[in-house]
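Student: Here it is, the structure in full.
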Amino acid sequence: MSTLLIKNIRTLVTCDDNDAVLENVDLYAEDGVIRAVGAALSQTADEVLDASRMLCYPGLVNTHHHLYQVFSRNLPEVQNMELFDWLKTLYEIWKNLDEDVVRLSSLAGMGELMKHGCTTCFDHHYVFPRGAGDLTGAQFTAADALGMRFHASRGSMDLSVKDGGLPPDSVVQTVDEILRDSERAIDRFHDPKPYAMHRVALAPCSPFSVSADLLRESALLARAKGVRLHTHLCETKDEENYMLAREGVRPLAYMERLGWIGSDVWYAHGIHFNDGELKLLADTGTGVAHCPISNMKLSSGVARVSDMLRLGVPVGLAVDGSASNDGSSLMEEMRVAYLLHRLCSGKNAPSGYDLLKMATRGSARLLGRDDIGQLAVGKCCDLFLVDAERLELAGALYDPRAVLATVGLRGAVDCTVVNGRVTVRYGRLVTVDEERIAAEANAKCKEYLRR
């Protein structure tokens with residue numbers, strides 16, 4: 001049994017059912033699970049952390065990423081493009097993915113997430129070039145090396161340019177191939193038990209790059225296997241017009257027709273839902289992963305998050321792909337989301353604490369988990385610590401629940417703990433050699449972009 005004791009936590013923001021904020025308490029965990037929280041606990045542990053200067057928060061939960069895009073960031077030719085043109089241009093790079101590109105880009109992207117307080121990452125990987133190797137396995141290898149709690153997707157595309165879709169022929173597969181490999185990925189990697197470090201979702205890319213058959217059959221397989229469903233939806237007006245022209249209905253009505261609605265489904269973006277569609281999402285418990293920075297960069301629009309929260313739509317936070325964000329910091333996403341919705345919704349905007357809860361418990365709900373996203377007895381010991389005496393936080397700690405969104409945090413957190421194990425200490429990854437991974441990633445990126 002492994003044990004961890006965090007002593008004398010200056011301020012513990014629990015995000016629990018009571019929204020409790022505790023002062024000067026200890027937290028004790030066994031085998032990655034919190035077993036006690038209170039003042040002057042009597043337990044001893046294998047590792048003891050002094051948190052007398054620290055603010056302690058639940059680990060952030062990222063609900064939508066494309067980690068392979070770490071190796072196609074900041075490219076000048078796409079910086080001013082919007083979604084459809086952006087995708088068509090970048091598919092010509094992404095069609096050259098292989099196992100090593102995916103492993104190293106996943107290490108870099110998840111490492112950055114972890115350094116900024118994220119403890120669980122969901123990645124939406126849907127580009128599977130022929131002969132590229134075991135890309136899902138490469139991602140789990142990277143997550144395990146870092147100590148990240150990881151939800152992978154077996155994403156997919158079956159409509160190429162010749163079928164009226166956007167991707168090239170070399171990255172699409174038949175429905176039978178996709179379903180066969182989806183079942184393999186679930187059987188090999190998905191762990192349905194509480195406190196799981198590995199889970200899998202099925203995630204066809206988007207309604208404009210997959211067929212109705214693939215969407216329908218993926219939903220049937222996911223429900224037969226007890227896994228969740230995810231896709232992009234209502235990200236741009238181009239998508240809406242495409243679906244109206246092709247199917248004669250708006251995107252959500254199309255997805256509902258194919259069984260893609262319910263508490264086991266969450267969509268990325270959800271910018272262009274109308275009033276009736278938001279009510280349907282709320283009534284059915286269908287979730288939305290909010291990706292503010294990506295939506296801003298691609299000029300896609302602003303999701304109606306204030307209305308979603310008011311109606312009870314499940315909403316989580318996400319960084320989206322690194323090529324439409326150019327980074328992997330959910331901490332930064334919180335502050336941008338706070339400011340964006342203050343600008344757009346005024347007094348009706350979510351508060352700083354609302355954004356923290358969106359990035360923790362809200363995100364956990366989208367992933368179908370109630371064991372992460374809060375700090376309470378019986379929950380996963382996933383958390384991060386920030387030195388309250390940092391110069392950047394001077395004069396800003398009147399409301400520790402809100403400060404990460406209102407003031408923000410520049411730089412890495414002081415400590416990240418995943419599954420009761422320290423993975424970041426003094427702002428540095430401790431489970432891997434950062435310099436070596438950065439060097440390998442840069443070398444691989446240069447070679448990949450020349451293909």
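Residues in the structure tokens are numbered from 1 in each chain, the chains being A, B, ... in the order shown, and ligands are numbered from 1 in the order shown.
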Leaving out region 29-39 of chain A and any residue of its chain fewer than 5 positions from it, which residues lie within 6 Å of it when counting only C-alpha atoms, given as an mmCIF file with C-alpha atoms, in the first residue's frame?
Tutor:
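Final output, around_22.cif:
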```
data_model
loop_
_atom_site.group_PDB
_atom_site.id
_atom_site.type_symbol
_atom_site.label_atom_id
_atom_site.label_comp_id
_atom_site.auth_asym_id
_atom_site.auth_seq_id
_atom_site.Cartn_x
_atom_site.Cartn_y
_atom_site.Cartn_z
ATOM 1 C CA MET A 1 0.000 0.000 0.000
ATOM 2 C CA SER A 2 1.284 3.466 -0.927
ATOM 3 C CA THR A 3 0.380 6.414 1.292
ATOM 4 C CA LEU A 4 0.573 10.208 1.058
ATOM 5 C CA VAL A 377 -13.032 11.244 1.446
ATOM 6 C CA GLY A 378 -13.477 8.372 -1.004
ATOM 7 C CA LYS A 379 -12.468 10.406 -4.057
ATOM 8 C CA CYS A 380 -9.287 10.108 -6.126
ATOM 9 C CA CYS A 381 -6.259 11.876 -4.704
ATOM 10 C CA ASN A 419 -3.569 8.984 -7.996
ATOM 11 C CA GLY A 420 -1.720 9.844 -4.792
#
```
Student: Write out as a PyMOL selection string each polymer residue whose atoms come within 8 Å of region 292-296 of chain A, counting only C-alpha atoms; drop sequence neighbours fewer than 5 positions from it.
Tutor: chain A and resi 235+269+301-303+319-321+324-325+333+336-337+340
Student: Do you know which residues are at most 8 Å from region 311-313 of chain A counting only C-alpha atoms, after dropping those on the same chain fewer than 6 positions away, and could you put them as a list in words?
Tutor: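 Neighbouring residues, sequence-local ones excluded: Leu278, Lys279, Leu281, Ala282, Asp283, Gly285, Thr286, Gly287 and Val288 of chain A.
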Student: At a cut-off of 8 Å, using only C-alpha atoms, what residues contact region 73-90 of chain A? Leave out same-chain residues fewer than 4 positions from it and give the result as a list in words.
Tutor: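 Surrounding residues, per the criterion: Gln69, Trp94, Leu166, Pro167, Thr236, Asp238, Leu298, Ser299, Ser300, Ser322, Ala323, Ser324 and Asp326 of chain A.
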Student: Can those selected residues be exported to a file as a tab-separated table (two decimals), in the first residue's frame so that it contains all heavy atoms?
Tutor:
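As written to disk, part_22.tsv reads:
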```
chain	number	residue	atom	x	y	z
A	69	GLN	N	-1.66	17.29	-32.43
A	69	GLN	CA	-1.51	18.62	-33.03
A	69	GLN	C	-0.40	19.45	-32.38
A	69	GLN	O	-0.08	20.54	-32.88
A	69	GLN	CB	-2.84	19.38	-32.98
A	69	GLN	CG	-3.91	18.80	-33.87
A	69	GLN	CD	-5.21	19.58	-33.82
A	69	GLN	OE1	-5.26	20.69	-33.29
A	69	GLN	NE2	-6.27	19.01	-34.37
A	94	TRP	N	-1.13	15.97	-41.22
A	94	TRP	CA	-1.56	14.93	-40.29
A	94	TRP	C	-1.61	13.54	-40.92
A	94	TRP	O	-1.53	12.53	-40.22
A	94	TRP	CB	-2.91	15.29	-39.70
A	94	TRP	CG	-2.92	16.57	-38.94
A	94	TRP	CD1	-1.85	17.24	-38.40
A	94	TRP	CD2	-4.07	17.38	-38.65
A	94	TRP	NE1	-2.26	18.40	-37.79
A	94	TRP	CE2	-3.62	18.52	-37.92
A	94	TRP	CE3	-5.44	17.28	-38.92
A	94	TRP	CZ2	-4.48	19.52	-37.47
A	94	TRP	CZ3	-6.30	18.27	-38.48
A	94	TRP	CH2	-5.82	19.37	-37.75
A	166	LEU	N	-13.79	16.18	-45.86
A	166	LEU	CA	-12.61	17.05	-45.92
A	166	LEU	C	-11.29	16.30	-45.94
A	166	LEU	O	-10.34	16.78	-46.55
A	166	LEU	CB	-12.63	18.02	-44.73
A	166	LEU	CG	-13.82	18.97	-44.61
A	166	LEU	CD1	-13.66	19.87	-43.39
A	166	LEU	CD2	-13.99	19.80	-45.86
A	167	PRO	N	-11.13	15.16	-45.28
A	167	PRO	CA	-9.80	14.53	-45.18
A	167	PRO	C	-9.41	13.79	-46.46
A	167	PRO	O	-10.27	13.40	-47.26
A	167	PRO	CB	-9.96	13.56	-44.02
A	167	PRO	CG	-11.41	13.23	-43.98
A	167	PRO	CD	-12.13	14.47	-44.43
A	236	THR	N	-19.13	25.63	-36.07
A	236	THR	CA	-19.11	26.79	-36.98
A	236	THR	C	-20.42	26.87	-37.76
A	236	THR	O	-21.16	25.90	-37.90
A	236	THR	CB	-17.96	26.67	-38.00
A	236	THR	OG1	-18.21	25.56	-38.87
A	236	THR	CG2	-16.61	26.50	-37.31
A	238	ASP	N	-20.34	27.22	-40.95
A	238	ASP	CA	-20.09	26.39	-42.13
A	238	ASP	C	-20.62	24.97	-41.92
A	238	ASP	O	-21.21	24.37	-42.82
A	238	ASP	CB	-18.59	26.32	-42.42
A	238	ASP	CG	-18.05	27.59	-43.05
A	238	ASP	OD1	-18.87	28.41	-43.53
A	238	ASP	OD2	-16.82	27.78	-43.04
A	298	LEU	N	-9.96	30.37	-34.16
A	298	LEU	CA	-10.52	30.00	-35.45
A	298	LEU	C	-11.74	30.84	-35.83
A	298	LEU	O	-12.41	30.55	-36.82
A	298	LEU	CB	-10.89	28.52	-35.45
A	298	LEU	CG	-9.71	27.55	-35.39
A	298	LEU	CD1	-10.20	26.11	-35.31
A	298	LEU	CD2	-8.80	27.72	-36.60
A	299	SER	N	-12.02	31.89	-35.05
A	299	SER	CA	-13.15	32.79	-35.33
A	299	SER	C	-14.47	32.03	-35.45
A	299	SER	O	-15.32	32.35	-36.28
A	299	SER	CB	-12.90	33.60	-36.61
A	299	SER	OG	-11.73	34.36	-36.50
A	300	SER	N	-14.63	31.00	-34.61
A	300	SER	CA	-15.81	30.15	-34.72
A	300	SER	C	-17.03	30.73	-34.02
A	300	SER	O	-18.17	30.43	-34.40
A	300	SER	CB	-15.49	28.77	-34.11
A	300	SER	OG	-14.42	28.15	-34.78
A	322	SER	N	-3.93	21.35	-29.95
A	322	SER	CA	-2.86	22.33	-29.79
A	322	SER	C	-2.62	23.16	-31.03
A	322	SER	O	-1.99	24.22	-30.95
A	322	SER	CB	-1.56	21.61	-29.39
A	322	SER	OG	-1.71	21.05	-28.10
A	323	ALA	N	-3.11	22.74	-32.21
A	323	ALA	CA	-2.95	23.56	-33.40
A	323	ALA	C	-4.02	24.63	-33.51
A	323	ALA	O	-3.89	25.57	-34.30
A	323	ALA	CB	-2.95	22.69	-34.66
A	324	SER	N	-5.09	24.53	-32.73
A	324	SER	CA	-6.09	25.60	-32.71
A	324	SER	C	-6.07	26.33	-31.37
A	324	SER	O	-6.94	27.14	-31.09
A	324	SER	CB	-7.49	25.04	-32.97
A	324	SER	OG	-7.87	24.13	-31.96
A	326	ASP	N	-2.54	26.40	-29.69
A	326	ASP	CA	-1.10	26.62	-29.60
A	326	ASP	C	-0.57	26.41	-28.20
A	326	ASP	O	0.55	26.81	-27.89
A	326	ASP	CB	-0.70	28.00	-30.15
A	326	ASP	CG	-0.92	28.10	-31.66
A	326	ASP	OD1	-0.62	27.12	-32.35
A	326	ASP	OD2	-1.40	29.13	-32.13
```
Student: Do you know which residues are at most 10 Å from Pro168 (chain A) counting only C-alpha atoms, after dropping those on the same chain fewer than 5 positions away, and could you put them as a ChimeraX atom specification?
Tutor: /A:88,91-92,94-95,129,159-162
Student: Provide the CA of Ile6 (chain A) to CA of Arg421 (chain A) distance in Å, to one decimal place.
Tutor: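 Those two atoms sit 11.6 Å apart.
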Student: Write out as a PyMOL selection string the residues lying within 7 Å of Leu375 (chain A), counting only C-alpha atoms and excluding same-chain residues fewer than 4 positions away.
Tutor: chain A and resi 14-16+58+379
Student: I need the chosen residues saved as an mmCIF file, in the first residue's frame, with C-alpha atoms.
Tutor:
```
data_model
loop_
_atom_site.group_PDB
_atom_site.id
_atom_site.type_symbol
_atom_site.label_atom_id
_atom_site.label_comp_id
_atom_site.auth_asym_id
_atom_site.auth_seq_id
_atom_site.Cartn_x
_atom_site.Cartn_y
_atom_site.Cartn_z
ATOM 1 C CA THR A 14 -12.733 21.163 -2.122
ATOM 2 C CA CYS A 15 -15.321 21.781 -4.898
ATOM 3 C CA ASP A 16 -17.395 19.261 -2.910
ATOM 4 C CA PRO A 58 -8.843 19.434 -7.142
ATOM 5 C CA LYS A 379 -12.468 10.406 -4.057
#
```
Student: Using only C-alpha atoms, which of A:Phe140, A:Tyr28, A:Tyr195, A:Phe122 sits nearest Ala289 (chain A)?
Tutor: A:Phe122
Student: Could you check the closest approach to Ala51 (chain A) for each of A:Glu177, A:Asp17, A:Glu23, A:Asp264 and tell me which residue wins, using only C-alpha atoms?
Tutor: A:Glu23
Student: Choose the residue, out of A:Ile93, A:Val13, A:Leu404, A:Val101, that has the smallest atom-to-atom separation from Ala443 (chain A); count only C-alpha atoms.
Tutor: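 Smallest separation from Ala443 (chain A) among the options: A:Val101.
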Student: DSSP on the backbone: what in region 361-423 of chain A comes out helix (DSSP H, G or I), as a PyMOL selection string?
Tutor: chain A and resi 361-366+391-393+403-406
Student: For the selection you just gave me, I'd like the residues written to a file as a JSON list (two decimals), in the first residue's frame, keeping N, CA and C atoms.
Tutor:
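The file below, out.json, is the result:
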```json
[["chain", "number", "residue", "atom", "x", "y", "z"],
["A", 361, "ARG", "N", -15.40, 19.50, -11.43],
["A", 361, "ARG", "CA", -16.57, 18.63, -11.35],
["A", 361, "ARG", "C", -17.38, 18.60, -12.63],
["A", 362, "GLY", "N", -17.51, 19.77, -13.29],
["A", 362, "GLY", "CA", -18.24, 19.79, -14.55],
["A", 362, "GLY", "C", -17.59, 18.91, -15.60],
["A", 363, "SER", "N", -16.29, 19.02, -15.70],
["A", 363, "SER", "CA", -15.56, 18.19, -16.65],
["A", 363, "SER", "C", -15.63, 16.71, -16.27],
["A", 364, "ALA", "N", -15.51, 16.42, -14.99],
["A", 364, "ALA", "CA", -15.61, 15.02, -14.54],
["A", 364, "ALA", "C", -16.95, 14.42, -14.93],
["A", 365, "ARG", "N", -18.01, 15.21, -14.81],
["A", 365, "ARG", "CA", -19.35, 14.71, -15.18],
["A", 365, "ARG", "C", -19.40, 14.35, -16.67],
["A", 366, "LEU", "N", -18.80, 15.15, -17.52],
["A", 366, "LEU", "CA", -18.80, 14.83, -18.95],
["A", 366, "LEU", "C", -18.13, 13.49, -19.21],
["A", 391, "LEU", "N", 4.66, 36.13, -5.57],
["A", 391, "LEU", "CA", 4.51, 37.56, -5.85],
["A", 391, "LEU", "C", 3.29, 37.82, -6.71],
["A", 392, "GLU", "N", 3.03, 36.93, -7.69],
["A", 392, "GLU", "CA", 1.91, 37.16, -8.61],
["A", 392, "GLU", "C", 0.55, 37.13, -7.93],
["A", 393, "LEU", "N", 0.48, 36.55, -6.73],
["A", 393, "LEU", "CA", -0.80, 36.46, -6.01],
["A", 393, "LEU", "C", -0.90, 37.44, -4.85],
["A", 403, "VAL", "N", -9.78, 32.85, -7.54],
["A", 403, "VAL", "CA", -8.57, 33.56, -7.95],
["A", 403, "VAL", "C", -7.91, 32.99, -9.20],
["A", 404, "LEU", "N", -8.00, 31.69, -9.42],
["A", 404, "LEU", "CA", -7.34, 31.10, -10.58],
["A", 404, "LEU", "C", -7.97, 31.55, -11.89],
["A", 405, "ALA", "N", -9.25, 31.92, -11.85],
["A", 405, "ALA", "CA", -9.93, 32.41, -13.05],
["A", 405, "ALA", "C", -9.90, 33.93, -13.14],
["A", 406, "THR", "N", -10.04, 34.60, -12.02],
["A", 406, "THR", "CA", -10.11, 36.07, -12.07],
["A", 406, "THR", "C", -8.73, 36.70, -12.23]]
```
Student: Let me make sure I understand: among A:Ile9, A:Leu179, A:Ala201, A:Gly327, which one has the smallest atom-to-atom distance to Val265 (chain A) if we use only C-alpha atoms?
Tutor: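 Nearest candidate to Val265 (chain A) out of A:Ile9, A:Leu179, A:Ala201, A:Gly327: A:Ala201.
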Student: Taking only C-alpha atoms into account, name the residue in A:Arg10, A:Phe71, A:Leu220, A:Ala145 that is nearest to Glu447 (chain A).
Tutor: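 Smallest distance to Glu447 (chain A) is found for A:Phe71.
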Student: What gap, in Å, lies between CA of Asp414 (chain A) and CA of Val430 (chain A)?
Tutor: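 Answer for the CA of Asp414 (chain A) to CA of Val430 (chain A) separation: 11.8 Å.
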Student: Pick the closest to Lys115 (chain A) from A:Arg401, A:Arg410, A:His230, A:Arg188: which is it, counting only C-alpha atoms?
Tutor: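 Of the candidates, the smallest distance to Lys115 (chain A) is held by A:Arg410.
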